[in-house]
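Contents: one structure, followed by commentary.
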Amino acid sequence: MKTTAPIVAALLLLAAPHARSAEPLDVVATTEDVAAIAREVGGDRVKVEAIARGYQDPHFVEAKPSFILKLHRADLLVLVGRELETAWLPPLIHQSRNASIQPGAEGYLDASLGARILEIPAGPVTRAMGDVHPLGNPHYWLDPANGRRIAQAIRDRLSRLGPEDAEYFASRYAAFDRRLAEAEKRWDALMAPYRGLEVVTYHRSWPNFAERFGLHVVGYVEPRPGIPPSPSHTLSLMREMKAKGVKILLVEPYFDLKTPNAVARETGARVVVLLPSVGGEKGVDDYLQLFDHNLGTLAAAIRETGAR
Amino acid sequence: MHDVVVRNRRFDRGAAAVRKQPATAAGLTGAVLAAVLAASEAAAAQTPPATAGPPPVAVVEQIRQELAALRDEYTRRIAALEARLAVVEVGGSPAQQPPPVPAPTAPPSTAEAAVPPGAAGAGGPSGSLPLYGAAAATSKVFNPDIAVIGDFLAAAGENGVDPTPTLEMHEAEASFQAIVDPYARADFFFAFGPEGVEIEEGFLSFPTLPAGLLGKAGKLRAAFGRVNTFHNHVLPWTDRPLVTRNLVGGEEGIGDAGISLSRLVPNPAFFLEATAEVYRGESELFQAPRRRDLTYLGRLRAYRDLTESVNLDVGGSFVHGHNDQGPGFTTRLFGIDATFRYRPLRRAIYRRLVARTELVWSRREQEEGTERAFGTYVSADYQLARRWFVGGRYDYAERAEDAALADKGGSLLLTFWPSEFSQVRAQLRRTRFAEGETATEVLFQLLFSIGAHGAHPF
C-alpha cells in the first residue's frame with residue numbers, strides 16, 4: 001500500500017494534459033498567405049511557420065524531411081486545400097507522427113471550406129484539360145473577402161485549441177477585419193478607373209483577384225493549366241491580344257519570362273510580375289502588403305502603358 | 001453601409017447563377033428557381049440587421065450557404081428532370097402527345113440517368129451518367145484514390161547475358177489508397193506484368209501511434225537504402241542498377257511480408273529517422289526454412305537543408321536473414337547511401353539536380369565458405385528545362401555467390417515530360433559482364449499515369 005500511492009501519483013502526473021496556457025500554439029501553414037493571416041489572428045499567442053515560400057510555385061513543393069520536423073511539433077496545420085497541395089502534403093502529414101494534425105483531427109484545418117471558390121468544373125473533368133483542379137481554383141486567397149473568411153476559420157479553430165485565449169483571438173480578428181475593410185476602400189478607389197480592363201495571365205492564378213478588382217482575363221500564356229506554352233497557342237494568343245488591344249500580361253514570379261516577353265514585344269503589351277503570395281518579394285510581408293504591392297504595380301503599369 | 005454593398009453584390013451573383021441554368025430547363029423550372037431565389041433574397045433582406053450583436057459578415061455567410069444549398073438542390077433536380085425528359089422523348093414518337101400527366105413513378109432521387117439520345121459516339125459519355133449528389137453516390141465518396149501507371153519498354157542492341165524483349169508492356173501498376181479509420185490508412189500497389197499479378201506493396205500504416213512511432217504492416221518494399229524502396233515508375237532510369245540485381249534481391253529488390261516501425265530521433269541539428277523492420281523471409285534474397293528464421297532490418301536516415309535550395313540526405317542500412325543455401329546459412333547486407341539535391345525555389349519547375357550513390361557490402365554464407373561481395377552505383381540527373389532531363393549512371397557490382405565475377409556498366413539518359421502525367425525516356429546502356437561479353441543497348445520507356453494525382457516521393 002505504501003508503495004502504490006507514489007506510483008499512482010506519478011501516473012496521474014504523467015497522464016495529466018500538459019498545461020499549455022503559457023506556451024504559444026505551434027501553427028504550420030502550407031503557404032505564406034495562410035501563415036500571414038494566422039499571424040494576424042494569432043498574435044503573440046501563436047508561433048507560425050510556413051512550408052512553401054512565397055516565391056515558389058505552390059503546386060510543386062518538395063516533401064522535404066525538414067518539413068516533417070515542423071509538422072511533428074505542430075498543434076495546428078492550416079492548408080489552402082482544393083488539391084493545391086496534393087502532390088506533396090499527404091506524405092508529410094502521414095510521416096509527421098503527429099496524431100493531432102491528421103485529416104479529421106482538431107489540428108487539421110482546410111482553409112478553403114468556408115471560402116468562395118471559383119471555376120469549380122460543372123461538367124466532366126479529364127486531364128485533356130491539363131492540370132485542372134476538380135474542386136475548383138485553389139488561388140482563392142487573392143480576394144480579400146476570402147482572406148477574411150480564412151481569418152474567421154483560423155480564429156474559430158484557434159479558439160477551440162486554446163479556449164482561454166478565445167477573446168484575444170476574437171479581438172485580433174476584429175482588428176484585422178477593420179484594417180482590411182479600410183484597405184479595401186483604398187484599393188477600390190485605386191482600381192475604380194480600370195474596371196473591365198482586359199488582361200492576359202500566365203497561369204489561372206487570378207480568377208478571384210480579377211473578379212474582385214474588376215479585371216477581365218481574356219487569355220492565358222499556358223494553353224491549358226500546367227501545360228507549358230506552345231508556339232501555336234502563343235501565336236493565337238498574340239493575334240487575340242492585338243485584336244482586343246490587351247496591354248497587360250500578368251506573370252507569376254516563378255515562371256520563365258521568355259514567352260511572356262516575346263508576346264509583349266510582338267503585341268506592345270507590358271509584362272507585369274504580380275505576386276500570388278505573401279513573401280513573393282522582399283517587403284511584401286503580410287496580407288495587406290500583398291494587395292498594396294500588386295494593385296500599386298498594376299495601376300502604375302496600366303497608367304504607363306495607356307491601357308486605359 | 002459597407003455591408004449592404006457586400007450583400008447586394010452577392011445577390012447579383014445569385015442572379016447570375018440563375019441565368020447560367022441550362023436553356024433546356026428554362027421554361028417553368030427557371031421561373032420557379034428565380035422565384036424561389038428571389039423569395040429567399042427578400043426573406044434575407046427582411047432579416048433585421050441583428051441589433052449590433054453577431055457580425056454581419058456571419059449573416060452574409062449564412063445566406064450565402066443557404067443560397068448555395070438551394071442552387072445545388074435545384075441543379076440536381078433539373079438534371080433529373082432533363083434525364084426524364086430525354087427518356088420520354090425516346091419513348092413517345094414526336095407525332096404523339098406525351099402522356100398528359102407524367103406519372104410520378106420514379107422519385108427524383110434516382111441514382112442514374114440515361115444519356116440523352118444522340119450523345120452516343122459524339123465523344124461524350126456513354127452508358128448511364130451518375131447523378132452526383134444523389135443518395136447512392138454518397139458511397140463513392142469513400143472509394144479509395146485509384147491510379148494506374150503503365151510502363152512500356154522497348155530495347156534495341158545486343159545483350160546475350162540478360163536480354164529483355166524488343167517491346168514489352170513491362171508493368172501496369174494499379175494503386176488504391178485511402179484512409180481506413182481515424183487510426184490507419186491503407187496503400188495497395190498491384191503490379192500486372194508479363195509474369196502475372198503480384199502485390200508490389202500492400203500495407204496498413206498507423207500514423208497516430210504513441211511515442212512518435214509510425215507503424216506499417218503488410219507486404220512492403222524493405223527500407224534498405226533508397227532505390228529498393230522506389231517503385232519502377234519513380235526511378236530516374238528505365239532499369240534498376242546492377243547492384244540491385246547482383247546483391248539486393250535480384251530484378252525487383254527486397255519485398256516481403258513484414259512489419260515496420262520507425263521513429264524520429266529528436267536532436268537540434270537535423271532530421272534523424274530510425275527504422276526497424278521484420279520480414280518473414282520470402283524473397284529472392286532471403287528464404288526462411290523455419291518460422292523463427294526471420295529477416296531483420298535496421299536503417300538510420302539523416303537529412304539536412306544546407307540552404308533552401310540545397311540539401312543532403314544520408315543513410316545507413318543493415319539487413320540479416322537466411323539465404324537459399326538451407327538452414328543455418330545467412331546473408332548480411334550493409335549499405336550506405338547519400339543523396340545531394342539542388343533545386344532553386346524560384347525556378348523549381350525548370351531546374352534541379354539530384355546526385356545519388358549507394359554502396360552495398362554483402363556477406364553470404366554458402367557451402368564453400370563465406371563470400372564477401374561489393375557493389376555500387378553513382379548517378380546524377382539534371383533538369384535542363386521544364387520538360388527535359390539528362391542523366392548518367394555508373395554501375396559496378398560483384399556477384400553475391402562469387403565476388404571474383406564483377407559486372408560493370410554505364411548509362412546515359414534523356415527524358416522528356418509532355419506533362420506531369422506522362423514521360424518518354426531513352427537510355428544508352430553499356431554493360432561489361434563478368435563473362436567477358438559487352439552489351440551495348442538503347443532502351444526506351446514510355447510511362448503514363450491515369451487516375452488520382454499521387455504524391456511524388458522525395
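Going by the C-alpha cells order, chains are called A, B, ..., each with residues numbered from 1, while ligands are numbered from 1 in the order shown.
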Could you write out as a compact mmCIF listing (two decimals) with C-alpha atoms, in the first residue's frame the residues of chain B within 8 Å of chain A, counting only C-alpha atoms?
```txt
# COMPACT_ATOMS: atom_id res chain seq x y z
CA PRO B 182 -9.04 7.68 -37.63
CA PRO B 207 0.38 7.40 -38.26
CA THR B 208 -1.02 8.08 -34.80
CA LEU B 209 0.83 5.59 -32.64
CA GLY B 212 6.14 9.21 -32.11
CA LEU B 213 6.15 5.86 -33.88
CA LEU B 214 4.99 5.25 -37.43
CA ARG B 263 10.65 6.90 -35.21
CA PHE B 270 18.85 17.70 -38.32
CA PHE B 271 16.16 15.21 -39.30
CA TYR B 303 18.68 14.76 -43.62
CA ARG B 304 19.59 18.41 -43.51
CA ASP B 305 18.76 21.51 -45.54
CA LEU B 345 12.88 27.51 -55.35
CA ARG B 346 12.20 30.44 -57.70
CA ARG B 347 12.86 28.21 -60.70
CA ALA B 348 11.75 24.94 -59.15
CA ILE B 349 9.78 23.83 -62.20
CA ARG B 386 10.65 22.50 -67.83
CA SER B 419 3.07 16.71 -68.87
CA HIS B 453 -2.80 12.51 -58.68
CA GLY B 454 -0.49 10.66 -56.33
CA ALA B 455 2.14 12.36 -54.24
CA HIS B 456 5.69 12.45 -55.51
CA PRO B 457 8.17 10.60 -53.30
CA PHE B 458 11.16 12.53 -52.05
```
- Message: Let's see if you can do this: from backbone DSSP, list all strand (DSSP E or B) residues in stretch 318-434 of chain B, as an MDAnalysis selection string.
- Response: chainID B and resid 318:322 330:342 352:366 369:383 388:398 406:419 422:432
May I have the residues from that selection written out with C-alpha atoms, as a short mmCIF file (atom, residue, chain, number, x, y, z; two decimals), in the first residue's frame?
```cif
data_model
loop_
_atom_site.label_atom_id
_atom_site.label_comp_id
_atom_site.auth_asym_id
_atom_site.auth_seq_id
_atom_site.Cartn_x
_atom_site.Cartn_y
_atom_site.Cartn_z
CA PHE B 318 21.67 -3.30 -42.37
CA VAL B 319 19.72 -6.46 -43.12
CA HIS B 320 20.22 -10.02 -41.94
CA GLY B 321 18.35 -13.16 -42.95
CA HIS B 322 18.57 -16.76 -44.10
CA THR B 330 22.65 -16.48 -43.67
CA THR B 331 23.22 -13.38 -45.74
CA ARG B 332 24.01 -9.97 -44.33
CA LEU B 333 23.94 -6.75 -46.26
CA PHE B 334 25.35 -3.45 -45.14
CA GLY B 335 24.63 -0.32 -47.15
CA ILE B 336 25.44 3.37 -47.22
CA ASP B 337 23.54 5.85 -49.36
CA ALA B 338 23.89 9.55 -49.98
CA THR B 339 21.74 11.95 -51.99
CA PHE B 340 22.56 15.54 -52.84
CA ARG B 341 19.81 17.73 -54.20
CA TYR B 342 19.80 21.20 -55.69
CA ARG B 352 17.07 20.66 -60.50
CA LEU B 353 19.96 18.34 -59.83
CA VAL B 354 19.84 15.06 -57.95
CA ALA B 355 23.08 13.17 -57.41
CA ARG B 356 22.95 9.87 -55.60
CA THR B 357 25.16 6.96 -54.70
CA GLU B 358 24.67 3.72 -52.83
CA LEU B 359 27.36 1.31 -51.66
CA VAL B 360 26.45 -2.23 -50.64
CA TRP B 361 28.58 -4.88 -48.96
CA SER B 362 27.26 -8.43 -48.96
CA ARG B 363 28.38 -11.27 -46.70
CA ARG B 364 26.87 -14.51 -47.80
CA GLU B 365 27.36 -17.90 -46.13
CA GLN B 366 27.37 -20.84 -48.52
CA GLY B 369 32.55 -20.73 -47.18
CA THR B 370 31.67 -17.08 -46.66
CA GLU B 371 31.62 -14.91 -49.78
CA ARG B 372 32.08 -11.16 -49.43
CA ALA B 373 30.98 -9.03 -52.36
CA PHE B 374 30.67 -5.30 -53.00
CA GLY B 375 28.55 -3.25 -55.36
CA THR B 376 27.76 0.39 -56.02
CA TYR B 377 26.21 2.86 -58.37
CA VAL B 378 26.66 6.60 -58.77
CA SER B 379 24.03 8.58 -60.64
CA ALA B 380 23.12 12.16 -61.45
CA ASP B 381 20.06 13.73 -63.06
CA TYR B 382 19.84 17.28 -64.19
CA GLN B 383 16.76 19.15 -65.35
CA TRP B 388 13.82 18.00 -70.36
CA PHE B 389 16.14 15.99 -68.14
CA VAL B 390 19.56 14.44 -68.77
CA GLY B 391 21.24 11.87 -66.58
CA GLY B 392 24.01 9.37 -66.21
CA ARG B 393 24.81 6.36 -64.07
CA TYR B 394 27.91 4.29 -63.36
CA ASP B 395 27.49 0.70 -62.14
CA TYR B 396 29.85 -1.75 -60.51
CA ALA B 397 28.67 -4.94 -58.82
CA GLU B 398 30.35 -8.16 -57.85
CA ALA B 406 32.18 -8.42 -61.36
CA ASP B 407 29.81 -6.67 -63.79
CA LYS B 408 30.37 -3.05 -64.81
CA GLY B 409 28.16 -0.66 -66.66
CA GLY B 410 27.47 2.90 -67.66
CA SER B 411 24.31 4.66 -68.87
CA LEU B 412 23.35 7.98 -70.40
CA LEU B 413 19.75 9.14 -70.18
CA LEU B 414 17.46 11.65 -71.83
CA THR B 415 13.94 12.20 -70.50
CA PHE B 416 11.08 14.28 -71.86
CA TRP B 417 7.90 15.15 -69.93
CA PRO B 418 4.92 16.03 -72.12
CA SER B 419 3.07 16.71 -68.87
CA SER B 422 3.47 11.05 -68.93
CA GLN B 423 7.13 10.66 -69.65
CA VAL B 424 9.31 9.43 -72.52
CA ARG B 425 12.82 8.22 -71.78
CA ALA B 426 15.79 6.89 -73.71
CA GLN B 427 18.76 5.19 -72.06
CA LEU B 428 22.01 4.28 -73.78
CA ARG B 429 23.45 1.47 -71.68
CA ARG B 430 26.76 -0.27 -71.99
CA THR B 431 27.34 -3.28 -69.72
CA ARG B 432 30.55 -5.29 -69.40
#
```
- Task: Figure out the distance between atom CA of B:Thr307 and atom CA of A:Leu109, please, to one decimal in Å.
- Result: 29.1 Å
- Query: Residues at most 9 Å from B:Glu308, counting only C-alpha atoms, excluding those fewer than 2 positions away in the same chain, as a ChimeraX atom specification?
  - Reply: /B:305-306,310-311,343-345
